[in-house]
Structures are given as C-alpha cells and as structure tokens.
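Text of coords.pdb, listed as PDB, N, CA and C atoms:
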```
ATOM      1  N   MET H   1      19.147  -9.805  10.850
ATOM      2  CA  MET H   1      18.781  -8.458  10.487
ATOM      3  C   MET H   1      19.508  -7.490  11.411
ATOM      4  N   PHE H   2      19.707  -6.297  10.890
ATOM      5  CA  PHE H   2      20.370  -5.283  11.687
ATOM      6  C   PHE H   2      19.890  -3.903  11.253
ATOM      7  N   ARG H   3      20.153  -2.925  12.104
ATOM      8  CA  ARG H   3      19.866  -1.535  11.747
ATOM      9  C   ARG H   3      21.203  -0.809  11.636
ATOM     10  N   VAL H   4      21.206   0.253  10.870
ATOM     11  CA  VAL H   4      22.432   1.000  10.633
ATOM     12  C   VAL H   4      22.322   2.358  11.311
ATOM     13  N   GLU H   5      23.322   2.692  12.081
ATOM     14  CA  GLU H   5      23.394   4.022  12.683
ATOM     15  C   GLU H   5      24.596   4.745  12.100
ATOM     16  N   HIS H   6      24.363   6.000  11.721
ATOM     17  CA  HIS H   6      25.425   6.797  11.121
ATOM     18  C   HIS H   6      25.663   8.022  12.003
ATOM     19  N   ASN H   7      26.857   8.127  12.555
ATOM     20  CA  ASN H   7      27.236   9.287  13.349
ATOM     21  C   ASN H   7      27.769  10.331  12.374
ATOM     22  N   VAL H   8      27.022  11.398  12.182
ATOM     23  CA  VAL H   8      27.424  12.395  11.185
ATOM     24  C   VAL H   8      28.619  13.223  11.629
ATOM     25  N   ILE H   9      28.895  13.251  12.912
ATOM     26  CA  ILE H   9      30.046  14.007  13.395
ATOM     27  C   ILE H   9      31.335  13.255  13.100
ATOM     28  N   THR H  10      31.361  11.963  13.410
ATOM     29  CA  THR H  10      32.575  11.164  13.215
ATOM     30  C   THR H  10      32.542  10.394  11.895
ATOM     31  N   ASN H  11      31.385  10.408  11.221
ATOM     32  CA  ASN H  11      31.162   9.666   9.987
ATOM     33  C   ASN H  11      31.295   8.157  10.199
ATOM     34  N   GLU H  12      31.127   7.725  11.451
ATOM     35  CA  GLU H  12      31.199   6.307  11.776
ATOM     36  C   GLU H  12      29.848   5.643  11.495
ATOM     37  N   ILE H  13      29.893   4.500  10.833
ATOM     38  CA  ILE H  13      28.691   3.734  10.529
ATOM     39  C   ILE H  13      28.748   2.448  11.338
ATOM     40  N   THR H  14      27.673   2.194  12.080
ATOM     41  CA  THR H  14      27.615   1.030  12.952
ATOM     42  C   THR H  14      26.410   0.175  12.593
ATOM     43  N   GLU H  15      26.637  -1.128  12.441
ATOM     44  CA  GLU H  15      25.549  -2.072  12.215
ATOM     45  C   GLU H  15      25.208  -2.720  13.558
ATOM     46  N   ILE H  16      23.951  -2.562  13.964
ATOM     47  CA  ILE H  16      23.517  -3.081  15.249
ATOM     48  C   ILE H  16      22.502  -4.196  15.007
ATOM     49  N   PRO H  17      22.788  -5.402  15.493
ATOM     50  CA  PRO H  17      21.840  -6.510  15.303
ATOM     51  C   PRO H  17      20.504  -6.217  15.986
ATOM     52  N   LEU H  18      19.419  -6.616  15.336
ATOM     53  CA  LEU H  18      18.096  -6.439  15.923
ATOM     54  C   LEU H  18      17.815  -7.560  16.910
ATOM     55  N   THR H  19      17.048  -7.216  17.920
ATOM     56  CA  THR H  19      16.645  -8.232  18.884
ATOM     57  C   THR H  19      15.489  -9.039  18.296
ATOM     58  N   ALA H  20      15.196 -10.152  18.921
ATOM     59  CA  ALA H  20      14.083 -10.989  18.470
ATOM     60  C   ALA H  20      12.766 -10.217  18.532
ATOM     61  N   ALA H  21      12.605  -9.383  19.547
ATOM     62  CA  ALA H  21      11.383  -8.583  19.689
ATOM     63  C   ALA H  21      11.272  -7.556  18.553
ATOM     64  N   GLU H  22      12.392  -6.944  18.188
ATOM     65  CA  GLU H  22      12.378  -5.966  17.093
ATOM     66  C   GLU H  22      12.047  -6.645  15.768
ATOM     67  N   ILE H  23      12.609  -7.805  15.540
ATOM     68  CA  ILE H  23      12.333  -8.552  14.306
ATOM     69  C   ILE H  23      10.859  -8.941  14.259
ATOM     70  N   LYS H  24      10.324  -9.403  15.391
ATOM     71  CA  LYS H  24       8.912  -9.785  15.459
ATOM     72  C   LYS H  24       8.019  -8.580  15.163
ATOM     73  N   GLU H  25       8.361  -7.428  15.694
ATOM     74  CA  GLU H  25       7.585  -6.210  15.463
ATOM     75  C   GLU H  25       7.632  -5.798  13.989
ATOM     76  N   ILE H  26       8.793  -5.902  13.364
ATOM     77  CA  ILE H  26       8.924  -5.576  11.946
ATOM     78  C   ILE H  26       8.067  -6.520  11.104
ATOM     79  N   GLU H  27       8.107  -7.799  11.425
ATOM     80  CA  GLU H  27       7.304  -8.781  10.690
ATOM     81  C   GLU H  27       5.814  -8.504  10.873
ATOM     82  N   LYS H  28       5.423  -8.129  12.086
ATOM     83  CA  LYS H  28       4.028  -7.800  12.368
ATOM     84  C   LYS H  28       3.596  -6.592  11.536
ATOM     85  N   LEU H  29       4.429  -5.562  11.490
ATOM     86  CA  LEU H  29       4.110  -4.364  10.718
ATOM     87  C   LEU H  29       4.058  -4.661   9.219
ATOM     88  N   ASN H  30       4.946  -5.528   8.751
ATOM     89  CA  ASN H  30       4.933  -5.906   7.329
ATOM     90  C   ASN H  30       3.647  -6.643   6.967
ATOM     91  N   LYS H  31       3.209  -7.551   7.837
ATOM     92  CA  LYS H  31       1.963  -8.284   7.590
ATOM     93  C   LYS H  31       0.778  -7.321   7.583
ATOM     94  N   LYS H  32       0.774  -6.382   8.525
ATOM     95  CA  LYS H  32      -0.313  -5.406   8.601
ATOM     96  C   LYS H  32      -0.346  -4.557   7.334
ATOM     97  N   ALA H  33       0.808  -4.119   6.877
ATOM     98  CA  ALA H  33       0.878  -3.306   5.666
ATOM     99  C   ALA H  33       0.403  -4.095   4.451
ATOM    100  N   ALA H  34       0.791  -5.346   4.353
ATOM    101  CA  ALA H  34       0.368  -6.183   3.227
ATOM    102  C   ALA H  34      -1.145  -6.370   3.237
ATOM    103  N   THR H  35      -1.707  -6.557   4.415
ATOM    104  CA  THR H  35      -3.156  -6.704   4.542
ATOM    105  C   THR H  35      -3.865  -5.422   4.110
ATOM    106  N   GLU H  36      -3.338  -4.282   4.529
ATOM    107  CA  GLU H  36      -3.937  -2.999   4.159
ATOM    108  C   GLU H  36      -3.868  -2.763   2.658
ATOM    109  N   VAL H  37      -2.756  -3.137   2.044
ATOM    110  CA  VAL H  37      -2.614  -2.981   0.593
ATOM    111  C   VAL H  37      -3.616  -3.879  -0.131
ATOM    112  N   ASN H  38      -3.728  -5.117   0.304
ATOM    113  CA  ASN H  38      -4.679  -6.051  -0.315
ATOM    114  C   ASN H  38      -6.115  -5.565  -0.154
ATOM    115  N   THR H  39      -6.446  -5.051   1.026
ATOM    116  CA  THR H  39      -7.787  -4.528   1.266
ATOM    117  C   THR H  39      -8.073  -3.347   0.355
ATOM    118  N   ALA H  40      -7.109  -2.466   0.200
ATOM    119  CA  ALA H  40      -7.283  -1.303  -0.673
ATOM    120  C   ALA H  40      -7.475  -1.733  -2.125
ATOM    121  N   LYS H  41      -6.739  -2.747  -2.554
ATOM    122  CA  LYS H  41      -6.891  -3.250  -3.929
ATOM    123  C   LYS H  41      -8.279  -3.826  -4.145
ATOM    124  N   ILE H  42      -8.754  -4.593  -3.177
ATOM    125  CA  ILE H  42     -10.086  -5.197  -3.285
ATOM    126  C   ILE H  42     -11.153  -4.110  -3.323
ATOM    127  N   GLU H  43     -11.027  -3.107  -2.453
ATOM    128  CA  GLU H  43     -11.994  -2.010  -2.432
ATOM    129  C   GLU H  43     -12.003  -1.263  -3.759
ATOM    130  N   GLU H  44     -10.840  -1.053  -4.328
ATOM    131  CA  GLU H  44     -10.743  -0.359  -5.619
ATOM    132  C   GLU H  44     -11.391  -1.184  -6.728
ATOM    133  N   GLN H  45     -11.179  -2.489  -6.702
ATOM    134  CA  GLN H  45     -11.806  -3.365  -7.697
ATOM    135  C   GLN H  45     -13.323  -3.344  -7.557
ATOM    136  N   GLU H  46     -13.813  -3.378  -6.321
ATOM    137  CA  GLU H  46     -15.255  -3.328  -6.093
ATOM    138  C   GLU H  46     -15.850  -2.007  -6.574
ATOM    139  N   LYS H  47     -15.132  -0.925  -6.336
ATOM    140  CA  LYS H  47     -15.572   0.399  -6.768
ATOM    141  C   LYS H  47     -15.641   0.466  -8.296
ATOM    142  N   THR H  48     -14.617  -0.052  -8.938
ATOM    143  CA  THR H  48     -14.579  -0.061 -10.401
ATOM    144  C   THR H  48     -15.725  -0.907 -10.950
ATOM    145  N   GLN H  49     -15.963  -2.059 -10.342
ATOM    146  CA  GLN H  49     -17.047  -2.929 -10.791
ATOM    147  C   GLN H  49     -18.398  -2.235 -10.619
ATOM    148  N   ALA H  50     -18.595  -1.546  -9.512
ATOM    149  CA  ALA H  50     -19.852  -0.833  -9.266
ATOM    150  C   ALA H  50     -20.060   0.258 -10.317
ATOM    151  N   LYS H  51     -18.995   0.954 -10.679
ATOM    152  CA  LYS H  51     -19.090   1.986 -11.720
ATOM    153  C   LYS H  51     -19.483   1.362 -13.053
ATOM    154  N   LEU H  52     -18.870   0.238 -13.391
ATOM    155  CA  LEU H  52     -19.186  -0.419 -14.659
ATOM    156  C   LEU H  52     -20.648  -0.869 -14.703
ATOM    157  N   VAL H  53     -21.160  -1.361 -13.572
ATOM    158  CA  VAL H  53     -22.566  -1.766 -13.500
ATOM    159  C   VAL H  53     -23.469  -0.551 -13.702
ATOM    160  N   LEU H  54     -23.106   0.557 -13.061
ATOM    161  CA  LEU H  54     -23.887   1.782 -13.217
ATOM    162  C   LEU H  54     -23.860   2.269 -14.662
ATOM    163  N   PHE H  55     -22.696   2.267 -15.272
ATOM    164  CA  PHE H  55     -22.583   2.701 -16.667
ATOM    165  C   PHE H  55     -23.435   1.821 -17.576
ATOM    166  N   GLU H  56     -23.445   0.519 -17.270
ATOM    167  CA  GLU H  56     -24.250  -0.400 -18.078
ATOM    168  C   GLU H  56     -25.741  -0.078 -17.932
ATOM    169  N   LYS H  57     -26.173   0.223 -16.702
ATOM    170  CA  LYS H  57     -27.571   0.599 -16.468
ATOM    171  C   LYS H  57     -27.921   1.871 -17.235
ATOM    172  N   LEU H  58     -26.978   2.793 -17.302
ATOM    173  CA  LEU H  58     -27.206   4.052 -18.004
ATOM    174  C   LEU H  58     -27.056   3.898 -19.514
ATOM    175  N   GLY H  59     -26.505   2.779 -19.938
ATOM    176  CA  GLY H  59     -26.327   2.534 -21.362
ATOM    177  C   GLY H  59     -25.171   3.299 -21.968
ATOM    178  N   ILE H  60     -24.131   3.560 -21.147
ATOM    179  CA  ILE H  60     -22.950   4.261 -21.651
ATOM    180  C   ILE H  60     -21.699   3.469 -21.301
ATOM    181  N   THR H  61     -20.628   3.772 -22.003
ATOM    182  CA  THR H  61     -19.343   3.127 -21.720
ATOM    183  C   THR H  61     -18.578   3.975 -20.710
ATOM    184  N   ALA H  62     -17.512   3.410 -20.174
ATOM    185  CA  ALA H  62     -16.669   4.147 -19.230
ATOM    186  C   ALA H  62     -16.056   5.368 -19.910
ATOM    187  N   GLU H  63     -15.703   5.217 -21.173
ATOM    188  CA  GLU H  63     -15.109   6.345 -21.915
ATOM    189  C   GLU H  63     -16.137   7.471 -22.092
ATOM    190  N   GLU H  64     -17.376   7.094 -22.369
ATOM    191  CA  GLU H  64     -18.413   8.112 -22.517
ATOM    192  C   GLU H  64     -18.684   8.824 -21.191
ATOM    193  N   ALA H  65     -18.673   8.071 -20.103
ATOM    194  CA  ALA H  65     -18.870   8.663 -18.787
ATOM    195  C   ALA H  65     -17.732   9.627 -18.460
ATOM    196  N   GLN H  66     -16.532   9.262 -18.836
ATOM    197  CA  GLN H  66     -15.387  10.120 -18.584
ATOM    198  C   GLN H  66     -15.528  11.430 -19.360
ATOM    199  N   LEU H  67     -16.046  11.367 -20.567
ATOM    200  CA  LEU H  67     -16.270  12.576 -21.354
ATOM    201  C   LEU H  67     -17.304  13.493 -20.677
ATOM    202  N   LEU H  68     -18.300  12.895 -20.053
ATOM    203  CA  LEU H  68     -19.318  13.690 -19.380
ATOM    204  C   LEU H  68     -18.750  14.489 -18.208
ATOM    205  N   PHE H  69     -17.771  13.919 -17.523
ATOM    206  CA  PHE H  69     -17.227  14.560 -16.316
ATOM    207  C   PHE H  69     -15.955  15.356 -16.558
ATOM    208  N   SER H  70     -15.501  15.416 -17.790
ATOM    209  CA  SER H  70     -14.255  16.178 -18.025
ATOM    210  C   SER H  70     -14.551  17.538 -18.599
TER     211      SER H  70
END
```
Before we go any further, please render this structure as structure tokens.
Amino acid sequence: MFRVEHNVITNEITEIPLTAAEIKEIEKLNKKAATEVNTAKIEEQEKTQAKLVLFEKLGITAEEAQLLFS
C-alpha cells in the first residue's frame, strides 16, 4: 500500500509506501467502520420491527400509519 502526494506547484506526483504501523492503523479503522455500519443496520432493523409491532397492535398497516403522519 502507498499514499499519493501531489505537489501542486511542480505538479509532481509521488507514491510513498506506507509503514507497517500505518497499514495496521488503516486496517483498525476499517474494522471499526465496518462494525459501526453493522451496528447501525441492526439498530435500524430493530427500530423497523418495533414500528411494525406497534402498527399491528394499533390494527393499522405501515402505509396507513404513513398517511396519518404526512
């Protein structure tokens, strides 16, 4: 892996290899981001399921509930 530096004055583009520590940090951040995305998806699914349960208790469909709030 490498990073790209662009000198806008000379228009020189340089590819600089990443160190092992930089690669490890990138991998750590990628794992953290993936975990956060998965957590957000699960929370959204739980929220949607809770709404559907509530709509069922009220005896209305999701479409009918949407009409009430629009």
Exercise for the section: Please return as a PyMOL selection string: the residues of chain H that backbone DSSP assigns to strand (DSSP E). Expected result: chain H and resi 2-7+12-17
Handout entry: All alpha helix (DSSP H) positions in stretch 10-65 of chain H, as a ChimeraX atom specification
Key = /H:20-58,62-65
Mind working out the centre and edge lengths of an axis-aligned box for stretch 7-18 of chain H, all listed atoms inside, 4 Å added to each side, rounded to one decimal in Å and written as JSON?
```
{"center_x": 25.2, "center_y": 3.2, "center_z": 13.4, "size_x": 22.8, "size_y": 29.6, "size_z": 14.9}
```
Practice task
Quote the spacing between atom CA of H:Ile13 and atom C of H:Lys28 in Å to one decimal place.
Solution key: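 Between atom CA of H:Ile13 and atom C of H:Lys28 the gap works out to 27.2 Å.
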Problem - Which of H:Thr61, H:Thr35, H:Ser70, H:Thr19 sits closest to H:Met1 [using only N, CA and C atoms] - result: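 Among the listed residues, H:Thr19 lies closest to H:Met1.
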Handout entry: Nearest to H:Ala20, chosen from H:Gly59, H:Leu67, H:Phe2, H:Ala40, with only C-alpha atoms counted in the distances
Key =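 Closest candidate: H:Phe2.
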Fill in the blank from the handout: Correct to one decimal, the distance atom C of H:Val53-atom N of H:Gln66 is 13.1 Å
Practice task
Excluding H:Ala65 and any residue of its chain fewer than 4 positions from it, enumerate the residues within 12 Å of it, using only C-alpha atoms, and give them as a list in words.
Solution key: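 Result of the neighbour search: Lys51, Leu52, Leu54, Phe55, Glu56, Leu58, Gly59, Ile60, Thr61, Phe69 and Ser70 of chain H.
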Handout entry: Between atom C of H:Thr39 and atom C of H:Leu68 - distance in Å to one decimal
Key =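 Separation between atom C of H:Leu68 and atom C of H:Thr39: 27.9 Å.
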Handout entry: Spatial neighbours of H:Glu5, max dist 8 Å, only N, CA and C atoms, sep filter under 6 positions, as JSON, numbers by chain
Key = {"H": [11, 12, 13, 14, 15, 16]}
